[in-house]
Each structure stands twice: as C-alpha cells, then as structure tokens.
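Below is one structure, written out as structure tokens; the observations come after it.
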Amino acid sequence: MVTRSRVLVLGLDSLSPSILTSRFRSHLPRITRQVERGALGTLKSCDPPITIPAWAVMFTGMDAGSLGLYGFRNRRSGTYFENVTPTPAGLPYPAVWDVASRVGRRVCVVGVPPGYPPPAVNGVYVSCLLTPPGARDFVSPVSLVDEVEQVTGGYQFDVLFRTEERAAVARELMEMTRKRWTLARHLWKKEPWDLFIVHEIGTDRLHHAFWKYFDPAHPRHDPNPQFANVGDLYYDLLDQEVGALLDLVGDDVTVLIVSDHGTQAMEGCFCINEWLRSKGWLTLKEPCPAGTPLERANVDWSRTKAWGAGGYYARIHLNLRGREPEGIVDPSEAPEVLDRLAAELEDVRGPNGHLLGVELARPSEIYDEVRGLPPDLIVYFADLKWRSAGTLGHSSLFLDENDTGPDDAVHSWDGILAAAGPNLKAKGAISTSRIRDVGPTILRLMGIPPPLTMRGQVISGLLGRHHHEER
Ligand SMILES: [Zn+2]
C-alpha cells in the first residue's frame, strides 16, 4: 500500500537543536507542542553548511557539487570573484515542488532560496531573500503579486542585518516575520495543498545580529539591556505566528519542521588572504588599507598562486593556467601545489598558539558530481567557530569582529528535523539524518516515487513499514 499524505514543511533558517531544548524553549510553547507530537532529531547540514546551497540540497536531494552551489554567490568562469547569484532555473536537478507539479499535485512555496525569479509550479511560488529591491515579479503566477502586497501591507523578503542600527533591525525582523506568516496563512486557506513549504530567514538574521546579547558564553558577550530580550521577543512572535498556521492544519497533514544548519557564537575571523600573502601564495602590487576587499586590492596575479574567499568557510582557488584570466599554476602541477598548500593550512595556529583546527575537503572527493566552478579547497576553521575574512590590509591574521559588518554568530553543522503526521511511525528522539534525505522523504510521504537521479535516501526510520519498498 502506498500512502499519500499532504505535507507541510516549516523551514526555520539556522535553528540549532539547542534553541528547542534550552535557550528559548519557554518562548516556543506552540512549536514545542507540535514537535512533541512526533519525532525529533538532528539534521546534519551539507558541505558547505551555507543557507542557499543547504536549502537547495534539502529540496533536490542532491549534494551541493551536483548543483554547482558553493556559497551565497558563485564564480563565473573567466573571473576571479564570486558574482553569480543562484536562481531556481539554474538548478540542474528538480526540487520536490517540480516533481510534485509534474504529477499534477498542487504546491505552494513561500520564500525557499534560491527562489528568484520564482519558478513556474502547479500552484504558487513566492520568491525569497534574493529578490532584488523593487522587483514586481516575485510571485509565480505574477497575477498574485497585488494580492500578496495587499494581504501583507507590502511584503518583506529580508532585513539588512550587518549594521549597528540594531534597534531598527529588531523592529524590521518582527515586521518581516509577521508578514511572512500572515501570507502563509492566507495562502494555506486558499485550497487543500498537497505540498506547502514556508521558509523563514528571520531566525538566521536574529542570530547574526543579536547572538552576543543573549549568549553569556559569547567571547564578546554584551549584556546591554536594550537588546538582551530581543531573542525572547522574536521567538514569542514566531511561535504565535507559526502556531496560528498550525491551528489551521488538520490531522491528515504531515508536518515537518526543519532547519538548514545551526548557529554558534563567532570566535573571530581568520584572514585567509592575509595568511596566503604572508606565506607567499598571494602577492599585492602595493599595500592596501585595512579591510580592502580582494576585488579592490591591487593583486599581482602574475605572482599569485592561490587566493581565497571569505564567509563561514574559506574557499581557496588556485590561479590555474587556462582557467583563470592570468593563471600561472600549470594544471599538471596543481595536485602537488594543492597538497603543499593543504599541509601549510593544517598547521595554522590560533591567536593562543594552538592549532586552529583546520578541516579541508576537495570537491572532487566529497561530491557525487562537480558542476560550475568549485573552489579547489574547502576550508573550515575550528569546526566553523572561526569565520574566514577575505579582506586584506589587516595588521593581524585574526580579527575579533567580522570584516563585512557587525555579525556575532557563525553557522554550525547541526540543524533540526521534527516530523509528525498520520503515517509516521517514529516518536520521540530519532537518530541524525542527512539534509539531502529530506527531499526524497517528502516525496515518499506524498506517495510520489523520488526521481531515479535523486541521490538522497528516504529517511526510513521516520516512516511506517509500507514505505520500505525498493527504489
Ligand atoms: Zn541558513
């Protein structure tokens, strides 16, 4: 027997398991009640554990290399810098809403990135945080744009969070989240959707902008009373908003609550390009002021073998002859050059003189396929507690503060997967699942066979015995 359930997915960006168990539990009564109805486990993020690749991995069931997504932006061949923003149309594999649409199911997606321009689905797709300011084509079908604007009083995709104007950030966060869930409830009531997905970016922005105020263990903890309770207030609001949607959801619907990665306090930044320069891998024609982005530094590419990009992890690229505009590393020597660079990186020491804890991965070794222009080395510092700073001109290899604007939090590997519904056998704690297994699991819950190309596996521990048929 193949079961066929309606599925609701609530995507709460950057939600660590600890948010549900300790820190904000008392501010999340409605969400906690939903979680306790079913199974709860850790959802391990992907390489790299970055928002846009991670959501795409979750809903396509493919790894980030197969999707060609290595970060918030990606490199285009023939350039040194990351300047391509991912789009749904650029994904080489279908997402669950594409698969469901093809077999005639009705789907509604709000905010899942990459979501702009919104793809045509058998239903509604409201675009995501990548929507350019002023865009008027952020809903598919576009005829619904006015309705969305009317229902929400002007829809809001994201907030600018790397700013010292934190009081304004707090206000905008609340307003954005209220609008998102007002819209979600409005769309939910329109028809009995087969698949309904909402993504909330506010949780991630809250953590980035306010983590140091509510985490006493943060290395730069600031007990400023003006911001000490922003987290409590935000989670109170989120719980009410999500709860009001859950109140509309019948027992016939399977509800998943998922996050793309977790959050932790940022220890500091490691200046990857400053380090490459100090080791002779990267050469500047002239010194530059502190905080200069690589794009604006006067790099002597004829004497540069490798450069890096900043972010929650470092992407190291070799300046390869035939691939980069002014490449100097011969492709036949690249493996040996990379080995040497990797060995030097593994020896990096933190400000306290101890090994920083560098974890390296090579795209060709960790991905099923390698599309687009991946970094030659993926580098994680101290289990993600240290961020990678790509800017140059610093007098130290280590910064206390983020180099691209105020930010107190970094990502962590563990997100959550909570699931409850009529056909789920699992209750209580379940073992860790992989983020790419969520997509095929959603399809199986809907009674749709996952495409044969989909590499993720149905999370069989969640489902009843009749779900175990061969794929
Ligand atoms: Zn995220």
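Following the order of the structure tokens, chains are lettered A, B, ..., residues in each are numbered from 1, and ligands are numbered from 1.
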Legend entry - DSSP-assigned alpha helix (DSSP H) among segment 94-282 of chain A, expressed as a ChimeraX atom specification: /A:96-102,145-152,166-188,202-214,230-246,272-278
Sorted by chain and rising residue number, list the residues of chain A at most 12 Å from ligand 1 (counting only C-alpha atoms and all ligand atoms), each with its closest atom pair and distance in Å to one decimal, as a tab-separated table.
```
residue	atom	partner	partner_atom_place_in_ligand_line	distance
A:Gly11	CA	ligand 1	1 (Zn)	9.7
A:Leu12	CA	ligand 1	1 (Zn)	8.3
A:Asp13	CA	ligand 1	1 (Zn)	4.6
A:Ser14	CA	ligand 1	1 (Zn)	4.7
A:Leu15	CA	ligand 1	1 (Zn)	8.3
A:Ser16	CA	ligand 1	1 (Zn)	10.6
A:Ser45	CA	ligand 1	1 (Zn)	9.8
A:Cys46	CA	ligand 1	1 (Zn)	11.2
A:Pro48	CA	ligand 1	1 (Zn)	10.9
A:Pro49	CA	ligand 1	1 (Zn)	7.8
A:Ile50	CA	ligand 1	1 (Zn)	5.8
A:Thr51	CA	ligand 1	1 (Zn)	3.4
A:Ile52	CA	ligand 1	1 (Zn)	7.0
A:Pro53	CA	ligand 1	1 (Zn)	9.0
A:Ala54	CA	ligand 1	1 (Zn)	7.3
A:Trp55	CA	ligand 1	1 (Zn)	7.8
A:Ala56	CA	ligand 1	1 (Zn)	11.0
A:Met58	CA	ligand 1	1 (Zn)	11.7
A:Gly71	CA	ligand 1	1 (Zn)	10.9
A:Phe72	CA	ligand 1	1 (Zn)	10.1
A:Val112	CA	ligand 1	1 (Zn)	10.6
A:Pro113	CA	ligand 1	1 (Zn)	9.6
A:Pro114	CA	ligand 1	1 (Zn)	11.6
A:Leu129	CA	ligand 1	1 (Zn)	11.1
A:His199	CA	ligand 1	1 (Zn)	10.0
A:Glu200	CA	ligand 1	1 (Zn)	9.4
A:Ile201	CA	ligand 1	1 (Zn)	7.2
A:Gly202	CA	ligand 1	1 (Zn)	9.9
A:Thr203	CA	ligand 1	1 (Zn)	8.8
A:Asp204	CA	ligand 1	1 (Zn)	6.1
A:Arg205	CA	ligand 1	1 (Zn)	9.0
A:Leu206	CA	ligand 1	1 (Zn)	11.5
A:His207	CA	ligand 1	1 (Zn)	10.4
A:His208	CA	ligand 1	1 (Zn)	10.5
A:Val258	CA	ligand 1	1 (Zn)	10.9
A:Ser259	CA	ligand 1	1 (Zn)	7.5
A:Asp260	CA	ligand 1	1 (Zn)	5.4
A:His261	CA	ligand 1	1 (Zn)	6.0
A:Gly262	CA	ligand 1	1 (Zn)	7.8
A:Thr263	CA	ligand 1	1 (Zn)	8.8
A:Tyr312	CA	ligand 1	1 (Zn)	10.9
A:Ala409	CA	ligand 1	1 (Zn)	11.7
A:Val410	CA	ligand 1	1 (Zn)	10.1
A:His411	CA	ligand 1	1 (Zn)	7.8
A:Ser412	CA	ligand 1	1 (Zn)	9.9
A:Trp413	CA	ligand 1	1 (Zn)	10.8
A:Asp414	CA	ligand 1	1 (Zn)	11.2
A:Gly415	CA	ligand 1	1 (Zn)	9.5
```
Inset, instruction - Among the residues of segment 275-427 of chain A, find those DSSP assigns to strand (DSSP E or B) from the backbone and print them as number ranges by chain. - result: A: 284, 292, 299, 306-309, 311, 314-318, 320-321, 324, 329, 349, 355, 358-361, 377-381, 386-389, 392, 398-399, 409-412, 414-420, 424
Inset, instruction - Calculate how many Å separate atom CA of His317 of chain A from atom CA of Arg75 of chain A, rounding to one decimal. - result: 10.5 Å
Legend entry - Contacts of Pro450 of chain A at 10 Å (only C-alpha atoms; same-chain gap of 4+ positions) as number ranges by chain: A: 60-61, 96, 99-100, 439-444, 454-458, 471
Inset, instruction - Write out as a ChimeraX atom specification the residues lying within 9 Å of Ala89 of chain A, counting only C-alpha atoms and excluding same-chain residues fewer than 4 positions away. - result: /A:115-119
Set out as CSV a contact list for segment 33-92 of chain A and segment 236-243 of chain A with a cut-off of 12 Å, giving each residue of segment 33-92 of chain A that qualifies its closest atom pair and distance in Å to one decimal, counting only C-alpha atoms, ordered by chain and rising residue number.
```
residue,atom,partner,partner_atom,distance
A:Arg33,CA,A:Gly243,CA,9.6
A:Gln34,CA,A:Gly243,CA,8.8
A:Val35,CA,A:Gly243,CA,11.7
```
Legend entry - Nearest candidate to His221 of chain A (options A:Glu267, A:Glu365, A:Asp63, A:Asp252; using only C-alpha atoms): A:Glu267
Inset, instruction - Identify, on the basis of only C-alpha atoms, every residue whose closest approach to Ile257 of chain A does not exceed 7 Å; exclude the query and any residue fewer than 2 positions from it along the same chain; express the result as a list in words. - result: Val9, Leu10, Gly11, Val255, Leu417, Ala418 and Ala419 of chain A
Okay, now the selection with N, CA, C and O atoms, as a PDB file, in the first residue's frame?
```pdb
ATOM      1  N   VAL A   9       5.814  21.853   5.275  1.00  0.00           N
ATOM      2  CA  VAL A   9       7.197  21.967   5.730  1.00  0.00           C
ATOM      3  C   VAL A   9       7.428  23.385   6.248  1.00  0.00           C
ATOM      4  O   VAL A   9       7.211  24.360   5.514  1.00  0.00           O
ATOM      5  N   LEU A  10       7.854  23.491   7.498  1.00  0.00           N
ATOM      6  CA  LEU A  10       8.190  24.788   8.081  1.00  0.00           C
ATOM      7  C   LEU A  10       9.706  24.870   8.178  1.00  0.00           C
ATOM      8  O   LEU A  10      10.328  24.130   8.950  1.00  0.00           O
ATOM      9  N   GLY A  11      10.308  25.733   7.377  1.00  0.00           N
ATOM     10  CA  GLY A  11      11.758  25.858   7.338  1.00  0.00           C
ATOM     11  C   GLY A  11      12.209  27.050   8.164  1.00  0.00           C
ATOM     12  O   GLY A  11      11.948  28.200   7.794  1.00  0.00           O
ATOM     13  N   VAL A 255       3.495  17.216   9.147  1.00  0.00           N
ATOM     14  CA  VAL A 255       4.193  18.491   9.359  1.00  0.00           C
ATOM     15  C   VAL A 255       5.665  18.219   9.659  1.00  0.00           C
ATOM     16  O   VAL A 255       5.990  17.479  10.589  1.00  0.00           O
ATOM     17  N   LEU A 417      15.310  18.281  12.519  1.00  0.00           N
ATOM     18  CA  LEU A 417      14.235  17.659  11.741  1.00  0.00           C
ATOM     19  C   LEU A 417      13.199  17.170  12.740  1.00  0.00           C
ATOM     20  O   LEU A 417      13.477  16.277  13.548  1.00  0.00           O
ATOM     21  N   ALA A 418      12.036  17.808  12.727  1.00  0.00           N
ATOM     22  CA  ALA A 418      10.924  17.341  13.554  1.00  0.00           C
ATOM     23  C   ALA A 418       9.822  16.906  12.596  1.00  0.00           C
ATOM     24  O   ALA A 418       9.577  17.580  11.590  1.00  0.00           O
ATOM     25  N   ALA A 419       9.183  15.796  12.878  1.00  0.00           N
ATOM     26  CA  ALA A 419       8.170  15.290  11.954  1.00  0.00           C
ATOM     27  C   ALA A 419       7.035  14.648  12.729  1.00  0.00           C
ATOM     28  O   ALA A 419       7.255  13.867  13.650  1.00  0.00           O
TER      29      ALA A 419
END
```
Inset, instruction - Within 9 Å of segment 275-280 of chain A, counting only C-alpha atoms, which residues show up once you throw out same-chain ones fewer than 5 positions away? Write them as number ranges by chain, please. - result: A: 270, 303-308, 344, 397
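The gap separating atom CA of Leu462 of chain A from atom CA of Gly428 of chain A is 10.5 Å, in Å to one decimal.
Nearest residue to Thr404 of chain A among A:Cys269, A:Val230, A:Val84, A:Leu187 is A:Cys269, counting only C-alpha atoms.
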Inset, instruction - Skip Val299 of chain A itself and residues of its chain fewer than 6 positions away, then list as a ChimeraX atom specification all residues within 9 Å of it, counting only C-alpha atoms. - result: /A:282-286
